[in-house]
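Data block below; observations after.
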2 protein chains.
Amino acid sequence: MTTYKVGFSPDGKEVEVEAGATLMEAAEKAEVYINSLCGGKGVCGKCKVQIKGDGIRADKHSIGFLSKEEIEKGFVLACQTKVEEDMEIVIPPESRLEEEQIMMGETVVDYSQPEKLLVPKVSADPMTLFDPIVQKIYLELKIPTLEDNIADIDRITRELRKKTEYQYFDVSLHCLKGLAAKLRDNDWKVTATISKRANVCRIMQIEAGNTTENHYGVAVDVGTTTVVAQLVDLKSGDVLGVAGSHNLQAHYGEDVISRIIYACGRERGLHPLHQAVIKNINSLIKTLVDENRIEPDDITAVVAAGNTTMSHLLLALTPCSIRLDPYVPTAKNFPQVPAREVGIEINPNGILETAPGVASYVGGDIVAGVLACGIADRPETRALIDVGTNGEIAIGNNEWLVCCSASAGPAFEGGGIRCGMRATRGAIEKVAIENDTLKYKTIGKAKPRGICGSGLIDCIYEMARNKIINGDGKFNLQAKEDRFVEYDGEPGFIVAFSAETETGENLIIAESDISNLIRSKGAVFAAIKSLVDYVGLAFDDIETFYVAGGFGNYLNIPKAIGIGLLPDIDPDRIKFVGNSCLMGARMALLSGHAMEKTTHIANGMTNIELSTYQPFMDEYVAAMFLPHTDRKLFPSVEY
Amino acid sequence: MTTYKVGFSPDGKEVEVEAGATLMEAAEKAEVYINSLCGGKGVCGKCKVQIKGDGIRADKHSIGFLSKEEIEKGFVLACQTKVEEDMEIVIPPESRLEEEQIMMGETVVDYSQPEKLLVPKVSADPMTLFDPIVQKIYLELKIPTLEDNIADIDRITRELRKKTEYQYFDVSLHCLKGLAAKLRDNDWKVTATISKRANVCRIMQIEAGNTTENHYGVAVDVGTTTVVAQLVDLKSGDVLGVAGSHNLQAHYGEDVISRIIYACGRERGLHPLHQAVIKNINSLIKTLVDENRIEPDDITAVVAAGNTTMSHLLLALTPCSIRLDPYVPTAKNFPQVPAREVGIEINPNGILETAPGVASYVGGDIVAGVLACGIADRPETRALIDVGTNGEIAIGNNEWLVCCSASAGPAFEGGGIRCGMRATRGAIEKVAIENDTLKYKTIGKAKPRGICGSGLIDCIYEMARNKIINGDGKFNLQAKEDRFVEYDGEPGFIVAFSAETETGENLIIAESDISNLIRSKGAVFAAIKSLVDYVGLAFDDIETFYVAGGFGNYLNIPKAIGIGLLPDIDPDRIKFVGNSCLMGARMALLSGHAMEKTTHIANGMTNIELSTYQPFMDEYVAAMFLPHTDRKLFPSVEY
């Protein structure tokens, strides 16, 4: 087989691939990450790259996505271009998955924000009991005598009975192998690692001597877009570090549906998606282990939370039926599995727990979020709104819980919006227009490269307040505005001029982008309104609205109300909680009670299927206006 | 490396081995089985073989074990002779492990004898409830709709809840893999295989369609000497077949102690012993599967029972500490393990349960025996006496259980007695001397090759009754007896003359053999007496004595009383139960209640350590006489 060399800049990486491989495949092999929304089908145009050298390289499939200038400069779509010679590829900023910024940026994503919720609201709140699902217990055993010659393992469980609340212990065969010598060679001093699940206490490993000093766990938020892992000290509960990366499954499709299609549309399609997320998790663990100078063997537990599709892919379960009427997953409660069984590289006896979900489109991420926000712990009714590609809403208290999910599109995560991007370095995260002057702030104070969710909300709000757009999202072209421009044959508005941007091009928000955002915010609001109506409450009956999602590390609540995304209540009753999923996963890792509660939450939550619920359709149509067609719902909003 | 060919007759097998391998190793490779008592140390002389061709081949290590005639005929010890050229080996009858006879003989070992105990004594006796530890349940599931779109696995457990007593099901990840397609491709008709342990019901596998017709289990008696397996239909409880073979571990030592020494005396010594018994079990399963024309995949459970050392070797646990003061095993309760984890070749999801033991020298075989005899089920006090290399005694009722173990030596299994042999074809199993005429009966009506346990008991009794020997076991040389002979420099008695035997040599029982048998019977009786005294009872307080052991398929109870092996009570109260261990294993396989009861029996049984119990020493000395030094204990015995 002929092979060719492909070099990538600015990464400075080079790989050899077989003739006929696509540039996307070559990039994957080189571990150079290129944007893709469509999973390599050549229909999103997000994977533009430049081939160094003279001449036009774009084929007929790609031409539609490229400007004339780009075509002349040798741009192509990476997913449509085959390697037939040695090549040097330049990846422009807008096509890069900015892994480094997430992982190394100072405060790019403020993962610690939800911490404050950990303060117990009631003393001895079971939610916050420190009782890790895996514990190490050091044992100094009495030396056997003829009067006390019980079996070695019984000597261990007799001592564990004194030191734990358990009477019965499940023992794996591998713990018994070599145990006799381990005890006798180490003066009868050993450390037992035990794990708890559903009232069964299992002895996972028995180590020589006292190893309790070194015991760690990892909480993982397996998001469709990003995977974030926290290293936790299981002795103290302290968070030792956080690392995040883009979900490598993005190569096979940007959103949940395109990944399901990839997994189910071909033989062994599931395998690369499963491998991708395992690779993500292993590389995050490696980063955390190296940073903290610990051994992977000292990590004995991983608790992962993600939406139902992500959980299926994590465990290598086929997600196919999730997207087909009647939307049935293989499982919503997942077994505890040996971490090595799915390829996670921690202690060979370590375990993986996966947070249970409620239904195909309300997953373990929401359950973890409800746990983290303490919604199921208190008599006051509270709500969690997680805005992502799907907007998921959960409402309830310690007696009941309901939830729903609405397809909102990825607009607030920067998807489907031409200037949209995720909340990484260079994203405009705040926008204000005062006295006809537009000001913005970017993440990392970098040159703007795009606009993230919080910036887009600010934009729409500020344009509406300043009458640059009307309630229907169309530009008020009568407005005196030097930022108006025609863009792809439709009216647009320049948020950042080419002189200021990293790409050297105007950052423009066009009318169709605004329509997309209005559809997204309409879907989310309609879902909230439908669910509140469904349980016979009014917004004022809900003590607190917790808002989670990939907006960035910042969300201007009044402006989110101002565009009609969130209900028009006292903004102090709305709290942005950032990554509540990760926090819930960590709580489950640190408390067997919390882990058990995830099952109670998942099993006790009633899912309202909005796709067949007529009131939701009506609410959706009514919400397609800024702030809403029914102005009485937004009395405080003035523009 | 130079290799040589070694042929074995009468087996007709040939192998190639490296120069320097022993003939014992070559035989092992050829799957030709040669006797060995010492584990290949050259100290028992049981592995005599003849090298074809002219000349003396015996080396100085072997000469002491061979007669002058044997040396001249080219006999050697297989374990001491290295292969340095191509060789043809003849294995004489007395050196053969007679595998074929056990496996294929008509009624050589009467495995079905204990069956009658299965008849329930009280209706709905939980012991006899038919409730196999692994069950297949056929499910026709409702097709999901939008109104009923629970997860696939929840649809299965919902149906299982209706069809079983369980509410909660533990599911292995592998059951979830591919489940969505399995359900949808098979019209939502599947068969779930569930296993029960300690109130947890686990779904082991989910198969397409209805597979309940084919469901089997295997009960295994892992004896030190023989391994016997029964194939059981888990639908009906019927026994479909029995197969037995010599324990292949015999290559590494004949008794438990020499195997422990082998396992612990060298690096990786455990491995070949573990592999040997697994090979035994797999070959028995293959025989049973082939005979019954079923698939190994349709076997989902194996229940094994053996002494503590055998259980450790089965599970590849080091047995070293068992033989060292204070006699501590690694475990006495063993985990349920995936059968494939130890290499047993049944369904890849199948399980292995190992009967729990009481202490290092009272193992799962006794616990299974107590279960089989129903000792723990009834208010009447009953006893089980298992006579083997260790004599193990258990006494009790439904309120208490005590047990002990005494080192009896292998005499009753034919070991340590020059003419002794196991209860296989050609063994003399009955002996009577009437009117100065000795009559005997052999197993399989073959020419006599040796005397098995029941024959030896008969012999001693008949010789004592006819005053051929005195109460101290010495020959009464004043007796008029043409069978007296000198043998190895001591007085002997010809049981079968050379003209009648297969080997063409006299079958002689010598004075030292009789001493061995008296020591063995003395140890067993002393153990029974000590234990009965310990619990403050008399023999008459014990309703029934069950006797198990490797005597053969026949035990003359009055003669066993007559030599002082069993207490002098009404012989009708003594029942020979044959292989109670195998029966107990089968009961545990067929009833989750019985399986659980093994744990209750094991945990509830008090072990009396005789090695440090002075009354036992006194009883032992007192019992070294025929029938006993205290004639009052044997009033009915007259000679």
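Scheme for the structure tokens: letters A, B, ... for chains in order shown; per-chain residue numbers from 1; ligand numbers from 1 in order shown.
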
For the strand (DSSP E) assignment from backbone DSSP, which residues of range 162-317 of chain A qualify? Please present them as a PyMOL selection string. chain A and resi 169-171+189-197+200-208+216-222+226-233+239-246+299-306

Closest pair table for chain A residues within 9 Å of chain B, only C-alpha atoms, as JSON lines:
```
{"residue": "A:Pro144", "atom": "CA", "partner": "B:Pro326", "partner_atom": "CA", "distance": 6.7}
{"residue": "A:Thr145", "atom": "CA", "partner": "B:Pro326", "partner_atom": "CA", "distance": 5.4}
{"residue": "A:Leu146", "atom": "CA", "partner": "B:Pro326", "partner_atom": "CA", "distance": 4.8}
{"residue": "A:Glu147", "atom": "CA", "partner": "B:Pro326", "partner_atom": "CA", "distance": 8.3}
{"residue": "A:Asp148", "atom": "CA", "partner": "B:Pro326", "partner_atom": "CA", "distance": 8.3}
{"residue": "A:Asn149", "atom": "CA", "partner": "B:Val328", "partner_atom": "CA", "distance": 5.5}
{"residue": "A:Ile150", "atom": "CA", "partner": "B:Val328", "partner_atom": "CA", "distance": 6.3}
{"residue": "A:Ala151", "atom": "CA", "partner": "B:Ala331", "partner_atom": "CA", "distance": 4.9}
{"residue": "A:Asp152", "atom": "CA", "partner": "B:Thr330", "partner_atom": "CA", "distance": 4.7}
{"residue": "A:Ile153", "atom": "CA", "partner": "B:Ala331", "partner_atom": "CA", "distance": 5.6}
{"residue": "A:Asp154", "atom": "CA", "partner": "B:Ala331", "partner_atom": "CA", "distance": 7.0}
{"residue": "A:Asp170", "atom": "CA", "partner": "B:Pro335", "partner_atom": "CA", "distance": 7.5}
{"residue": "A:Val171", "atom": "CA", "partner": "B:Pro335", "partner_atom": "CA", "distance": 6.2}
{"residue": "A:Ser172", "atom": "CA", "partner": "B:Pro335", "partner_atom": "CA", "distance": 6.4}
{"residue": "A:Leu173", "atom": "CA", "partner": "B:Pro335", "partner_atom": "CA", "distance": 6.2}
{"residue": "A:Leu176", "atom": "CA", "partner": "B:Leu317", "partner_atom": "CA", "distance": 6.7}
{"residue": "A:Lys177", "atom": "CA", "partner": "B:Leu317", "partner_atom": "CA", "distance": 5.2}
{"residue": "A:Gly178", "atom": "CA", "partner": "B:Thr318", "partner_atom": "CA", "distance": 6.4}
{"residue": "A:Leu179", "atom": "CA", "partner": "B:Thr330", "partner_atom": "CA", "distance": 6.8}
{"residue": "A:Ala180", "atom": "CA", "partner": "B:Thr330", "partner_atom": "CA", "distance": 5.8}
{"residue": "A:Ala181", "atom": "CA", "partner": "B:Thr318", "partner_atom": "CA", "distance": 8.2}
{"residue": "A:Leu315", "atom": "CA", "partner": "B:Leu173", "partner_atom": "CA", "distance": 7.9}
{"residue": "A:Ala316", "atom": "CA", "partner": "B:Lys177", "partner_atom": "CA", "distance": 6.9}
{"residue": "A:Leu317", "atom": "CA", "partner": "B:Lys177", "partner_atom": "CA", "distance": 5.2}
{"residue": "A:Thr318", "atom": "CA", "partner": "B:Gly178", "partner_atom": "CA", "distance": 6.4}
{"residue": "A:Pro319", "atom": "CA", "partner": "B:Ala180", "partner_atom": "CA", "distance": 8.2}
{"residue": "A:Cys320", "atom": "CA", "partner": "B:Ala180", "partner_atom": "CA", "distance": 7.8}
{"residue": "A:Ser321", "atom": "CA", "partner": "B:Ala180", "partner_atom": "CA", "distance": 7.1}
{"residue": "A:Asp325", "atom": "CA", "partner": "B:Leu146", "partner_atom": "CA", "distance": 7.1}
{"residue": "A:Pro326", "atom": "CA", "partner": "B:Leu146", "partner_atom": "CA", "distance": 4.7}
{"residue": "A:Tyr327", "atom": "CA", "partner": "B:Asn149", "partner_atom": "CA", "distance": 6.7}
{"residue": "A:Val328", "atom": "CA", "partner": "B:Ala151", "partner_atom": "CA", "distance": 5.4}
{"residue": "A:Pro329", "atom": "CA", "partner": "B:Ala151", "partner_atom": "CA", "distance": 4.9}
{"residue": "A:Thr330", "atom": "CA", "partner": "B:Asp152", "partner_atom": "CA", "distance": 4.7}
{"residue": "A:Ala331", "atom": "CA", "partner": "B:Ala151", "partner_atom": "CA", "distance": 4.9}
{"residue": "A:Lys332", "atom": "CA", "partner": "B:Ala151", "partner_atom": "CA", "distance": 6.1}
{"residue": "A:Asn333", "atom": "CA", "partner": "B:Asp154", "partner_atom": "CA", "distance": 8.6}
{"residue": "A:Phe334", "atom": "CA", "partner": "B:Leu173", "partner_atom": "CA", "distance": 7.9}
{"residue": "A:Pro335", "atom": "CA", "partner": "B:Leu173", "partner_atom": "CA", "distance": 6.2}
{"residue": "A:Gln336", "atom": "CA", "partner": "B:Leu173", "partner_atom": "CA", "distance": 8.2}
{"residue": "A:Val337", "atom": "CA", "partner": "B:Leu173", "partner_atom": "CA", "distance": 6.9}
{"residue": "A:Ala359", "atom": "CA", "partner": "B:Ile150", "partner_atom": "CA", "distance": 7.4}
{"residue": "A:Ser360", "atom": "CA", "partner": "B:Ala151", "partner_atom": "CA", "distance": 8.3}
{"residue": "A:Glu609", "atom": "CA", "partner": "B:Leu146", "partner_atom": "CA", "distance": 8.3}
{"residue": "A:Thr612", "atom": "CA", "partner": "B:Leu146", "partner_atom": "CA", "distance": 8.8}
```

**Report entry** One-decimal distance in Å that lies between CA of Asn247 in chain B and CA of Pro272 in chain B
**Finding:**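 So the two atoms, CA of Pro272 in chain B and CA of Asn247 in chain B, lie 12.3 Å apart.
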
Quiz prompt | Which of range 404-447 of chain A fall in helix (DSSP H, G or I), as a list in words | solution =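 For range 404-447 of chain A, the helix (DSSP H, G or I) set is Ala411, Phe412, Glu413, Ile443, Gly444 and Lys445 of chain A.
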
Discussion item. Need the shell around Val15 in chain B: protein/DNA/RNA residues with any atom at most 10 Å away, counting only C-alpha atoms. Skip same-chain ones fewer than 3 positions apart. Format as a list in words?
Written reply: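 Returned residues: Thr3, Tyr4, Lys5, Val6, Gly7, Phe8, Ala26, Ala27, Glu28, Lys29, Ala30 and Glu31 of chain B.
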
For all heavy atoms, I'd like the residues from the last selection saved as a CSV table (one decimal), in the first residue's frame.
```
chain,number,residue,atom,x,y,z
B,3,THR,N,15.0,-34.0,20.7
B,3,THR,CA,13.8,-34.7,21.2
B,3,THR,C,13.8,-36.2,20.9
B,3,THR,O,14.5,-36.6,19.9
B,3,THR,CB,12.5,-34.0,20.6
B,3,THR,OG1,12.6,-34.2,19.2
B,3,THR,CG2,12.4,-32.6,20.9
B,4,TYR,N,13.1,-36.9,21.7
B,4,TYR,CA,13.0,-38.4,21.5
B,4,TYR,C,11.6,-38.8,21.5
B,4,TYR,O,10.7,-38.1,22.2
B,4,TYR,CB,13.8,-39.1,22.6
B,4,TYR,CG,15.3,-38.8,22.6
B,4,TYR,CD1,15.9,-38.1,23.6
B,4,TYR,CD2,16.1,-39.3,21.5
B,4,TYR,CE1,17.3,-37.8,23.5
B,4,TYR,CE2,17.5,-39.0,21.5
B,4,TYR,CZ,18.0,-38.3,22.5
B,4,TYR,OH,19.4,-38.0,22.5
B,5,LYS,N,11.3,-39.9,20.9
B,5,LYS,CA,10.0,-40.5,20.9
B,5,LYS,C,9.9,-41.5,22.0
B,5,LYS,O,10.7,-42.3,22.3
B,5,LYS,CB,9.7,-41.2,19.6
B,5,LYS,CG,9.5,-40.3,18.4
B,5,LYS,CD,9.1,-41.0,17.2
B,5,LYS,CE,9.0,-40.0,16.0
B,5,LYS,NZ,9.3,-40.6,14.7
B,6,VAL,N,8.8,-41.4,22.7
B,6,VAL,CA,8.5,-42.4,23.8
B,6,VAL,C,7.1,-43.0,23.5
B,6,VAL,O,6.1,-42.3,23.4
B,6,VAL,CB,8.5,-41.8,25.2
B,6,VAL,CG1,8.3,-42.8,26.3
B,6,VAL,CG2,9.8,-41.0,25.4
B,7,GLY,N,7.1,-44.4,23.4
B,7,GLY,CA,5.8,-45.1,23.1
B,7,GLY,C,5.4,-45.8,24.4
B,7,GLY,O,6.2,-46.2,25.2
B,8,PHE,N,4.1,-45.8,24.6
B,8,PHE,CA,3.5,-46.4,25.8
B,8,PHE,C,2.6,-47.6,25.4
B,8,PHE,O,1.7,-47.4,24.6
B,8,PHE,CB,2.8,-45.4,26.7
B,8,PHE,CG,3.7,-44.4,27.3
B,8,PHE,CD1,3.9,-43.2,26.6
B,8,PHE,CD2,4.3,-44.6,28.5
B,8,PHE,CE1,4.7,-42.2,27.2
B,8,PHE,CE2,5.1,-43.7,29.1
B,8,PHE,CZ,5.3,-42.5,28.4
B,26,ALA,N,6.8,-37.6,30.4
B,26,ALA,CA,6.4,-38.1,29.0
B,26,ALA,C,5.0,-38.7,29.1
B,26,ALA,O,4.2,-38.5,28.2
B,26,ALA,CB,7.5,-39.1,28.5
B,27,ALA,N,4.8,-39.5,30.1
B,27,ALA,CA,3.5,-40.2,30.3
B,27,ALA,C,2.4,-39.1,30.4
B,27,ALA,O,1.3,-39.2,29.8
B,27,ALA,CB,3.5,-41.1,31.5
B,28,GLU,N,2.7,-38.1,31.2
B,28,GLU,CA,1.7,-37.0,31.4
B,28,GLU,C,1.4,-36.4,30.1
B,28,GLU,O,0.2,-36.2,29.8
B,28,GLU,CB,2.4,-36.0,32.4
B,28,GLU,CG,1.4,-35.1,33.0
B,28,GLU,CD,2.1,-34.2,34.0
B,28,GLU,OE1,3.1,-34.7,34.7
B,28,GLU,OE2,1.7,-33.1,34.2
B,29,LYS,N,2.4,-36.1,29.3
B,29,LYS,CA,2.2,-35.5,28.0
B,29,LYS,C,1.4,-36.4,27.1
B,29,LYS,O,0.6,-35.9,26.3
B,29,LYS,CB,3.6,-35.2,27.3
B,29,LYS,CG,3.5,-34.3,26.1
B,29,LYS,CD,4.9,-33.8,25.6
B,29,LYS,CE,4.7,-33.0,24.4
B,29,LYS,NZ,6.0,-32.8,23.7
B,30,ALA,N,1.6,-37.7,27.2
B,30,ALA,CA,0.8,-38.6,26.4
B,30,ALA,C,-0.5,-38.9,26.9
B,30,ALA,O,-1.3,-39.7,26.4
B,30,ALA,CB,1.6,-40.0,26.3
B,31,GLU,N,-0.8,-38.3,28.1
B,31,GLU,CA,-2.1,-38.6,28.8
B,31,GLU,C,-2.2,-40.0,29.1
B,31,GLU,O,-3.3,-40.6,29.1
B,31,GLU,CB,-3.3,-38.1,28.0
B,31,GLU,CG,-3.2,-36.6,27.7
B,31,GLU,CD,-4.5,-35.9,27.4
B,31,GLU,OE1,-5.5,-36.5,27.4
B,31,GLU,OE2,-4.5,-34.6,27.3
```

Review point. Can you list, as number ranges by chain, every protein, DNA or RNA residue that comes within 12 Å of Cys419 in chain B when you count only C-alpha atoms, leaving out same-chain residues fewer than 4 positions away?
Key: B: 46, 94, 411-415, 426-428, 448-453, 455-456, 459, 487, 492-496, 501, 503, 505-510, 512-514

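Residues surrounding range 284-298 of chain B within 6 Å are B:Asn214, B:His215, B:Tyr216, B:Ala243, B:Ile281, B:Ile346, B:Asn347 [only C-alpha atoms; sequence separation below 3 positions excluded].
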
Quick one: write out the picked residues with all heavy atoms as a compact mmCIF listing (two decimals), in the first residue's frame?
```
# COMPACT_ATOMS: atom_id res chain seq x y z
N ASN B 214 -33.04 -26.07 26.63
CA ASN B 214 -31.68 -26.57 26.79
C ASN B 214 -30.99 -25.88 27.95
O ASN B 214 -30.47 -24.78 27.81
CB ASN B 214 -30.88 -26.32 25.51
CG ASN B 214 -31.61 -26.89 24.31
OD1 ASN B 214 -32.00 -28.06 24.32
ND2 ASN B 214 -31.84 -26.06 23.31
N HIS B 215 -31.05 -26.53 29.10
CA HIS B 215 -30.45 -25.88 30.25
C HIS B 215 -29.94 -26.93 31.23
O HIS B 215 -30.72 -27.70 31.77
CB HIS B 215 -31.46 -24.95 30.93
CG HIS B 215 -30.79 -23.97 31.83
ND1 HIS B 215 -31.40 -23.39 32.91
CD2 HIS B 215 -29.53 -23.48 31.82
CE1 HIS B 215 -30.54 -22.60 33.52
NE2 HIS B 215 -29.41 -22.62 32.88
N TYR B 216 -28.63 -26.91 31.44
CA TYR B 216 -28.01 -27.97 32.23
C TYR B 216 -27.03 -27.40 33.25
O TYR B 216 -26.53 -26.28 33.10
CB TYR B 216 -27.27 -28.95 31.31
CG TYR B 216 -28.16 -29.46 30.20
CD1 TYR B 216 -28.17 -28.85 28.94
CD2 TYR B 216 -29.05 -30.50 30.44
CE1 TYR B 216 -29.02 -29.30 27.94
CE2 TYR B 216 -29.91 -30.95 29.45
CZ TYR B 216 -29.89 -30.34 28.20
OH TYR B 216 -30.74 -30.77 27.22
N ALA B 243 -19.83 -39.10 35.30
CA ALA B 243 -18.51 -39.51 34.80
C ALA B 243 -17.50 -39.26 35.90
O ALA B 243 -17.64 -38.32 36.68
CB ALA B 243 -18.15 -38.74 33.54
N ILE B 281 -12.00 -31.66 35.23
CA ILE B 281 -13.41 -31.24 35.16
C ILE B 281 -13.82 -31.03 33.71
O ILE B 281 -14.88 -31.47 33.28
CB ILE B 281 -13.62 -29.96 36.01
CG1 ILE B 281 -13.43 -30.31 37.50
CG2 ILE B 281 -15.01 -29.37 35.77
CD1 ILE B 281 -13.49 -29.12 38.44
N ILE B 346 -17.67 -24.10 30.00
CA ILE B 346 -19.12 -24.19 29.81
C ILE B 346 -19.54 -22.89 29.14
O ILE B 346 -18.71 -22.24 28.50
CB ILE B 346 -19.85 -24.43 31.16
CG1 ILE B 346 -19.51 -23.33 32.18
CG2 ILE B 346 -19.50 -25.79 31.73
CD1 ILE B 346 -20.37 -23.36 33.43
N ASN B 347 -20.80 -22.50 29.27
CA ASN B 347 -21.25 -21.22 28.74
C ASN B 347 -20.32 -20.11 29.23
O ASN B 347 -19.97 -20.07 30.40
CB ASN B 347 -22.69 -20.99 29.24
CG ASN B 347 -23.30 -19.73 28.68
OD1 ASN B 347 -22.77 -18.63 28.86
ND2 ASN B 347 -24.40 -19.87 27.99
```

Closest contacts (range 553-614 of chain B/range 431-440 of chain B, max 12 Å, only C-alpha atoms) as CSV:
```
residue,atom,partner,partner_atom,distance
B:Tyr554,CA,B:Val431,CA,11.7
B:Leu555,CA,B:Val431,CA,11.2
B:Asn556,CA,B:Val431,CA,10.0
B:Lys559,CA,B:Ala432,CA,10.2
```

Suppose we keep N, CA, C and O atoms; can you now write the selection as a short mmCIF file (atom, residue, chain, number, x, y, z; two decimals), in the first residue's frame?
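Written file, again23.cif:
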```cif
data_model
loop_
_atom_site.label_atom_id
_atom_site.label_comp_id
_atom_site.auth_asym_id
_atom_site.auth_seq_id
_atom_site.Cartn_x
_atom_site.Cartn_y
_atom_site.Cartn_z
N TYR B 554 -19.79 -50.82 48.37
CA TYR B 554 -20.30 -51.86 49.23
C TYR B 554 -19.58 -51.69 50.55
O TYR B 554 -18.38 -51.45 50.59
N LEU B 555 -20.26 -51.76 51.65
CA LEU B 555 -19.59 -51.77 52.95
C LEU B 555 -20.40 -52.68 53.86
O LEU B 555 -21.60 -52.47 54.05
N ASN B 556 -19.74 -53.72 54.37
CA ASN B 556 -20.43 -54.63 55.28
C ASN B 556 -20.43 -54.01 56.67
O ASN B 556 -19.41 -53.99 57.37
N LYS B 559 -19.40 -56.05 59.79
CA LYS B 559 -17.97 -56.32 59.84
C LYS B 559 -17.18 -55.05 60.20
O LYS B 559 -16.15 -55.13 60.87
#
```

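One finds CA of Asp488 in chain B at 15.6 Å from CA of Glu70 in chain B.
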
- Residues near Ala538 in chain A, cut-off 12 Å, only C-alpha atoms, skip fewer than 3 positions along chain, as an NGL selection string: :A and (381-382 or 395 or 528-535 or 541-543 or 567-569 or 633)

Could you check how far CA of Glu490 in chain A sits from CA of Arg418 in chain A, in Å to one decimal?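 For CA of Glu490 in chain A relative to CA of Arg418 in chain A, the distance reads 12.8 Å.
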
Which residues come within 9 Å of Ile71 in chain B, counting only C-alpha atoms, excluding same-chain residues fewer than 3 positions away, as an MDAnalysis selection string?
chainID B and resid 55:58 63 66:68 74:76

Judged by only C-alpha atoms, the minimum distance to Glu511 in chain B among B:Ile468, B:Val228, B:Met24, B:Ile299 is found for B:Ile468
